[in-house]
file start_21.cif (mmCIF, C-alpha atoms)
data_data
loop_
_atom_site.label_atom_id
_atom_site.label_comp_id
_atom_site.auth_asym_id
_atom_site.auth_seq_id
_atom_site.Cartn_x
_atom_site.Cartn_y
_atom_site.Cartn_z
CA MET T 1096 3.16 36.44 87.22
CA LYS T 1097 4.61 38.29 84.26
CA HIS T 1098 3.47 39.09 80.75
CA HIS T 1099 5.80 38.37 77.83
CA ASP T 1100 5.36 40.01 74.42
CA LEU T 1101 7.15 37.74 71.92
CA LYS T 1102 8.05 37.93 68.23
CA LEU T 1103 7.20 34.79 66.24
CA GLU T 1104 8.25 34.36 62.60
CA THR T 1105 5.50 33.40 60.14
CA GLN T 1106 6.93 29.89 59.58
CA PHE T 1107 6.30 29.18 63.28
CA PHE T 1108 3.17 31.31 63.65
CA GLU T 1109 1.19 29.32 61.05
CA PRO T 1110 1.47 25.98 62.93
CA ALA T 1111 0.61 27.84 66.15
CA ILE T 1112 -2.66 29.26 64.78
CA SER T 1113 -3.60 25.87 63.35
CA GLY T 1114 -3.26 24.35 66.83
CA LYS T 1115 -0.46 21.96 65.80
CA LYS T 1116 2.23 23.81 67.77
CA LYS T 1117 1.51 24.78 71.37
CA PHE T 1118 5.06 25.19 72.61
CA GLU T 1119 7.97 27.58 72.23
CA VAL T 1120 11.74 27.07 72.48
CA ARG T 1121 13.26 30.28 73.83
CA PHE T 1122 16.38 31.67 75.42
CA ASN T 1123 15.36 32.15 79.04
CA ASP T 1124 16.32 35.79 79.39
CA ARG T 1125 12.85 36.57 80.79
CA ASP T 1126 12.60 33.91 83.51
CA PHE T 1127 9.54 32.24 81.94
CA ALA T 1128 7.27 30.54 84.50
CA SER T 1129 4.03 28.57 84.58
CA GLY T 1130 1.10 30.96 84.90
CA ASP T 1131 2.79 33.79 83.01
CA THR T 1132 0.81 35.25 80.12
CA ILE T 1133 2.14 35.64 76.58
CA THR T 1134 1.34 37.50 73.40
CA LEU T 1135 2.83 35.89 70.30
CA ARG T 1136 3.09 38.49 67.54
CA GLU T 1137 3.61 37.31 63.98
CA TRP T 1138 6.81 38.73 62.47
CA ASP T 1139 7.41 38.82 58.72
CA LYS T 1140 11.20 38.74 58.41
CA GLU T 1141 11.01 39.63 54.70
CA LYS T 1142 9.48 43.10 55.34
CA PRO T 1143 10.76 43.17 58.28
CA ASP T 1144 7.68 44.09 60.31
CA TYR T 1145 4.84 42.74 62.40
CA THR T 1146 1.84 41.47 60.39
CA GLY T 1147 -0.75 42.51 62.99
CA ARG T 1148 -1.78 38.92 63.78
CA LEU T 1149 -1.32 37.73 67.35
CA ILE T 1150 -2.17 34.98 69.79
CA ASP T 1151 -2.69 35.58 73.51
CA GLY T 1152 -2.18 32.72 75.92
CA SER T 1153 -0.86 31.41 79.23
CA ILE T 1154 2.24 29.35 79.91
CA SER T 1155 1.25 25.94 81.28
CA TYR T 1156 4.66 24.25 81.72
CA VAL T 1157 8.35 25.19 81.50
CA LEU T 1158 11.07 22.60 80.78
CA ARG T 1159 14.51 23.82 81.78
CA ASP T 1160 17.91 22.36 82.65
CA PHE T 1161 17.30 19.33 80.43
CA GLU T 1162 20.84 18.22 79.67
CA ALA T 1163 19.77 15.60 77.13
CA GLY T 1164 18.50 18.12 74.60
CA LEU T 1165 18.39 21.78 75.61
CA LYS T 1166 21.25 24.16 75.05
CA ASP T 1167 22.33 25.87 78.26
CA GLY T 1168 20.12 28.86 79.06
CA TYR T 1169 17.18 27.74 76.89
CA VAL T 1170 13.71 26.52 77.87
CA VAL T 1171 10.77 24.90 76.17
CA PHE T 1172 7.41 26.10 77.38
CA GLY T 1173 3.96 24.79 76.65
CA TYR T 1174 1.08 27.23 76.45
CA PHE T 1175 -2.68 27.37 76.17
CA PRO T 1176 -4.05 29.94 73.73
CA ASN T 1177 -6.88 32.05 75.10
CA GLY T 1178 -9.12 30.85 72.29
CA ALA T 1179 -8.78 33.72 69.84
CA ILE T 1180 -6.49 34.96 67.10
CA TYR T 1181 -6.36 38.64 66.30
CA GLY T 1182 -5.18 40.56 63.26
CA ASP T 1183 -4.81 44.33 63.22
CA SER T 1184 -6.72 44.47 66.55
CA GLU T 1185 -9.64 42.58 64.99
CA PHE T 1186 -10.93 39.13 65.93
CA ILE T 1187 -10.05 36.51 63.29
CA ASN T 1188 -10.69 32.99 64.54
CA ASP T 1189 -11.42 30.63 67.45
CA PHE T 1190 -9.19 27.70 68.34
#
call {"tool": "encode", "arguments": {"input": "start_21.cif", "output": "structure tokens"}}
result
Amino acid sequence: MKHHDLKLETQFFEPAISGKKKFEVRFNDRDFASGDTITLREWDKEKPDYTGRLIDGSISYVLRDFEAGLKDGYVVFGYFPNGAIYGDSEFINDF
């Protein structure tokens, strides 16, 4: 298992913290696999800087080599959040 620290722009972070979006579409330069852990860090592209908010989770499924809709080299992975959202190293909310 690996841990992946990932940048996530605010427009995608907001649906993730609301629980509406529990998947990521990523270039597979990290060899994502089920069971890997992730930290999604909110990125404000206007500043540009991290906001301090993050979501920790685990990858539950990886879709790859799907010729009917994924560009070569990309994956879609589903994830389960660990149940907490943090901002500036402080607990913010439960899922």
call {"tool": "residues_around", "arguments": {"input": "start_21.cif", "residues": "Tyr1169 in chain T", "least_positions_apart": "3", "cutoff": "9 Å", "atoms": "only C-alpha atoms", "output": "list in words"}}
result
Val1120, Arg1121, Phe1122, Asn1123, Asp1124, Leu1158, Arg1159, Asp1160, Leu1165 and Lys1166 of chain T
call {"tool": "closest_residue", "arguments": {"input": "start_21.cif", "among": "T:Lys1116, T:Ile1154, T:Arg1125, T:Glu1141", "to": "Gly1168 in chain T", "atoms": "only C-alpha atoms"}}
result
T:Arg1125
call {"tool": "atom_distance", "arguments": {"input": "start_21.cif", "atom1": "CA of Phe1127 in chain T", "atom2": "CA of Val1157 in chain T"}}
result
7.2 Å
call {"tool": "closest_residue", "arguments": {"input": "start_21.cif", "among": "T:Met1096, T:Ala1128, T:Ile1112, T:Leu1103", "to": "Phe1172 in chain T", "atoms": "all atoms listed in the file"}}
result
T:Ala1128
call {"tool": "closest_residue", "arguments": {"input": "start_21.cif", "among": "T:Ser1113, T:Gly1152, T:Val1170, T:Phe1108", "to": "Asp1131 in chain T", "atoms": "all atoms listed in the file"}}
result
T:Gly1152
call {"tool": "closest_residue", "arguments": {"input": "start_21.cif", "among": "T:Thr1132, T:Pro1143, T:Ile1150, T:Tyr1156", "to": "Ala1111 in chain T", "atoms": "only C-alpha atoms"}}
result
T:Ile1150
call {"tool": "closest_residue", "arguments": {"input": "start_21.cif", "among": "T:Gln1106, T:Ser1155, T:Thr1134, T:Thr1146", "to": "Phe1118 in chain T", "atoms": "only C-alpha atoms"}}
result
T:Ser1155
call {"tool": "atom_distance", "arguments": {"input": "start_21.cif", "atom1": "CA of Asp1151 in chain T", "atom2": "CA of Glu1104 in chain T"}}
result
15.5 Å
call {"tool": "closest_residue", "arguments": {"input": "start_21.cif", "among": "T:Glu1119, T:Phe1107, T:Phe1161, T:Lys1102", "to": "Tyr1174 in chain T", "atoms": "all atoms listed in the file"}}
result
T:Glu1119
call {"tool": "atom_distance", "arguments": {"input": "start_21.cif", "atom1": "CA of Ser1153 in chain T", "atom2": "CA of Phe1175 in chain T"}}
result
5.4 Å
call {"tool": "resolve_selection", "arguments": {"input": "start_21.cif", "expression": "the PyMOL selection byres ((chain T and resi 1145) around 10)", "output": "ChimeraX atom specification"}}
result
/T:1102-1105,1136-1140,1142-1144,1146-1149,1183
call {"tool": "decode", "arguments": {"input": "start_21.cif", "residues": "range 1111-1134 of chain T", "atoms": "N, CA, C and O atoms", "output": "PDB file, in the first residue's frame"}}
result
ATOM      1  N   ALA T1111     -16.696  17.271  -2.713  1.00  0.00           N
ATOM      2  CA  ALA T1111     -16.107  16.152  -1.963  1.00  0.00           C
ATOM      3  C   ALA T1111     -16.454  16.247  -0.475  1.00  0.00           C
ATOM      4  O   ALA T1111     -16.819  15.256   0.147  1.00  0.00           O
ATOM      5  N   ILE T1112     -16.372  17.448   0.110  1.00  0.00           N
ATOM      6  CA  ILE T1112     -16.671  17.563   1.541  1.00  0.00           C
ATOM      7  C   ILE T1112     -18.161  17.438   1.826  1.00  0.00           C
ATOM      8  O   ILE T1112     -18.557  17.071   2.919  1.00  0.00           O
ATOM      9  N   SER T1113     -18.984  17.714   0.819  1.00  0.00           N
ATOM     10  CA  SER T1113     -20.433  17.571   1.002  1.00  0.00           C
ATOM     11  C   SER T1113     -20.864  16.105   0.898  1.00  0.00           C
ATOM     12  O   SER T1113     -21.992  15.769   1.236  1.00  0.00           O
ATOM     13  N   GLY T1114     -19.962  15.254   0.401  1.00  0.00           N
ATOM     14  CA  GLY T1114     -20.287  13.839   0.238  1.00  0.00           C
ATOM     15  C   GLY T1114     -20.873  13.493  -1.117  1.00  0.00           C
ATOM     16  O   GLY T1114     -21.160  12.336  -1.402  1.00  0.00           O
ATOM     17  N   LYS T1115     -21.049  14.490  -1.995  1.00  0.00           N
ATOM     18  CA  LYS T1115     -21.619  14.249  -3.325  1.00  0.00           C
ATOM     19  C   LYS T1115     -20.614  13.604  -4.279  1.00  0.00           C
ATOM     20  O   LYS T1115     -20.998  12.906  -5.200  1.00  0.00           O
ATOM     21  N   LYS T1116     -19.337  13.881  -4.074  1.00  0.00           N
ATOM     22  CA  LYS T1116     -18.287  13.387  -4.975  1.00  0.00           C
ATOM     23  C   LYS T1116     -17.309  12.531  -4.185  1.00  0.00           C
ATOM     24  O   LYS T1116     -16.575  13.039  -3.348  1.00  0.00           O
ATOM     25  N   LYS T1117     -17.305  11.241  -4.466  1.00  0.00           N
ATOM     26  CA  LYS T1117     -16.400  10.317  -3.780  1.00  0.00           C
ATOM     27  C   LYS T1117     -15.559   9.558  -4.802  1.00  0.00           C
ATOM     28  O   LYS T1117     -15.376   8.348  -4.707  1.00  0.00           O
ATOM     29  N   PHE T1118     -15.084  10.292  -5.792  1.00  0.00           N
ATOM     30  CA  PHE T1118     -14.234   9.713  -6.821  1.00  0.00           C
ATOM     31  C   PHE T1118     -13.281  10.779  -7.325  1.00  0.00           C
ATOM     32  O   PHE T1118     -13.511  11.971  -7.145  1.00  0.00           O
ATOM     33  N   GLU T1119     -12.213  10.346  -7.944  1.00  0.00           N
ATOM     34  CA  GLU T1119     -11.241  11.241  -8.559  1.00  0.00           C
ATOM     35  C   GLU T1119     -10.875  10.701  -9.931  1.00  0.00           C
ATOM     36  O   GLU T1119     -10.770   9.493 -10.116  1.00  0.00           O
ATOM     37  N   VAL T1120     -10.675  11.593 -10.888  1.00  0.00           N
ATOM     38  CA  VAL T1120     -10.138  11.254 -12.210  1.00  0.00           C
ATOM     39  C   VAL T1120      -8.720  11.805 -12.220  1.00  0.00           C
ATOM     40  O   VAL T1120      -8.517  13.002 -12.054  1.00  0.00           O
ATOM     41  N   ARG T1121      -7.752  10.926 -12.390  1.00  0.00           N
ATOM     42  CA  ARG T1121      -6.347  11.322 -12.278  1.00  0.00           C
ATOM     43  C   ARG T1121      -5.489  10.651 -13.329  1.00  0.00           C
ATOM     44  O   ARG T1121      -5.757   9.511 -13.738  1.00  0.00           O
ATOM     45  N   PHE T1122      -4.415  11.339 -13.723  1.00  0.00           N
ATOM     46  CA  PHE T1122      -3.387  10.697 -14.521  1.00  0.00           C
ATOM     47  C   PHE T1122      -2.707   9.684 -13.605  1.00  0.00           C
ATOM     48  O   PHE T1122      -2.402   9.990 -12.453  1.00  0.00           O
ATOM     49  N   ASN T1123      -2.511   8.481 -14.091  1.00  0.00           N
ATOM     50  CA  ASN T1123      -2.016   7.398 -13.235  1.00  0.00           C
ATOM     51  C   ASN T1123      -0.493   7.348 -13.191  1.00  0.00           C
ATOM     52  O   ASN T1123       0.121   6.323 -13.464  1.00  0.00           O
ATOM     53  N   ASP T1124       0.112   8.446 -12.790  1.00  0.00           N
ATOM     54  CA  ASP T1124       1.565   8.488 -12.659  1.00  0.00           C
ATOM     55  C   ASP T1124       2.034   7.969 -11.309  1.00  0.00           C
ATOM     56  O   ASP T1124       3.230   7.931 -11.034  1.00  0.00           O
ATOM     57  N   ARG T1125       1.085   7.557 -10.457  1.00  0.00           N
ATOM     58  CA  ARG T1125       1.412   7.083  -9.106  1.00  0.00           C
ATOM     59  C   ARG T1125       1.045   5.624  -8.884  1.00  0.00           C
ATOM     60  O   ARG T1125       1.177   5.120  -7.787  1.00  0.00           O
ATOM     61  N   ASP T1126       0.513   4.975  -9.914  1.00  0.00           N
ATOM     62  CA  ASP T1126       0.083   3.581  -9.814  1.00  0.00           C
ATOM     63  C   ASP T1126      -0.931   3.402  -8.673  1.00  0.00           C
ATOM     64  O   ASP T1126      -0.740   2.600  -7.758  1.00  0.00           O
ATOM     65  N   PHE T1127      -2.023   4.167  -8.742  1.00  0.00           N
ATOM     66  CA  PHE T1127      -3.082   4.088  -7.739  1.00  0.00           C
ATOM     67  C   PHE T1127      -3.622   2.667  -7.654  1.00  0.00           C
ATOM     68  O   PHE T1127      -3.790   1.992  -8.670  1.00  0.00           O
ATOM     69  N   ALA T1128      -3.918   2.214  -6.435  1.00  0.00           N
ATOM     70  CA  ALA T1128      -4.429   0.860  -6.224  1.00  0.00           C
ATOM     71  C   ALA T1128      -5.419   0.841  -5.073  1.00  0.00           C
ATOM     72  O   ALA T1128      -5.334   1.661  -4.141  1.00  0.00           O
ATOM     73  N   SER T1129      -6.359  -0.088  -5.135  1.00  0.00           N
ATOM     74  CA  SER T1129      -7.303  -0.284  -4.028  1.00  0.00           C
ATOM     75  C   SER T1129      -6.525  -0.541  -2.752  1.00  0.00           C
ATOM     76  O   SER T1129      -5.544  -1.275  -2.752  1.00  0.00           O
ATOM     77  N   GLY T1130      -6.961   0.096  -1.658  1.00  0.00           N
ATOM     78  CA  GLY T1130      -6.286  -0.051  -0.377  1.00  0.00           C
ATOM     79  C   GLY T1130      -5.288   1.049  -0.081  1.00  0.00           C
ATOM     80  O   GLY T1130      -4.907   1.244   1.075  1.00  0.00           O
ATOM     81  N   ASP T1131      -4.846   1.775  -1.116  1.00  0.00           N
ATOM     82  CA  ASP T1131      -3.947   2.909  -0.886  1.00  0.00           C
ATOM     83  C   ASP T1131      -4.696   3.980  -0.090  1.00  0.00           C
ATOM     84  O   ASP T1131      -5.921   4.104  -0.184  1.00  0.00           O
ATOM     85  N   THR T1132      -3.952   4.771   0.662  1.00  0.00           N
ATOM     86  CA  THR T1132      -4.555   5.886   1.387  1.00  0.00           C
ATOM     87  C   THR T1132      -4.265   7.185   0.639  1.00  0.00           C
ATOM     88  O   THR T1132      -3.292   7.284  -0.110  1.00  0.00           O
ATOM     89  N   ILE T1133      -5.169   8.164   0.844  1.00  0.00           N
ATOM     90  CA  ILE T1133      -5.041   9.450   0.169  1.00  0.00           C
ATOM     91  C   ILE T1133      -5.262  10.594   1.157  1.00  0.00           C
ATOM     92  O   ILE T1133      -5.971  10.446   2.148  1.00  0.00           O
ATOM     93  N   THR T1134      -4.640  11.705   0.860  1.00  0.00           N
ATOM     94  CA  THR T1134      -4.957  12.979   1.499  1.00  0.00           C
ATOM     95  C   THR T1134      -5.264  13.949   0.377  1.00  0.00           C
ATOM     96  O   THR T1134      -4.423  14.187  -0.490  1.00  0.00           O
TER      97      THR T1134
END
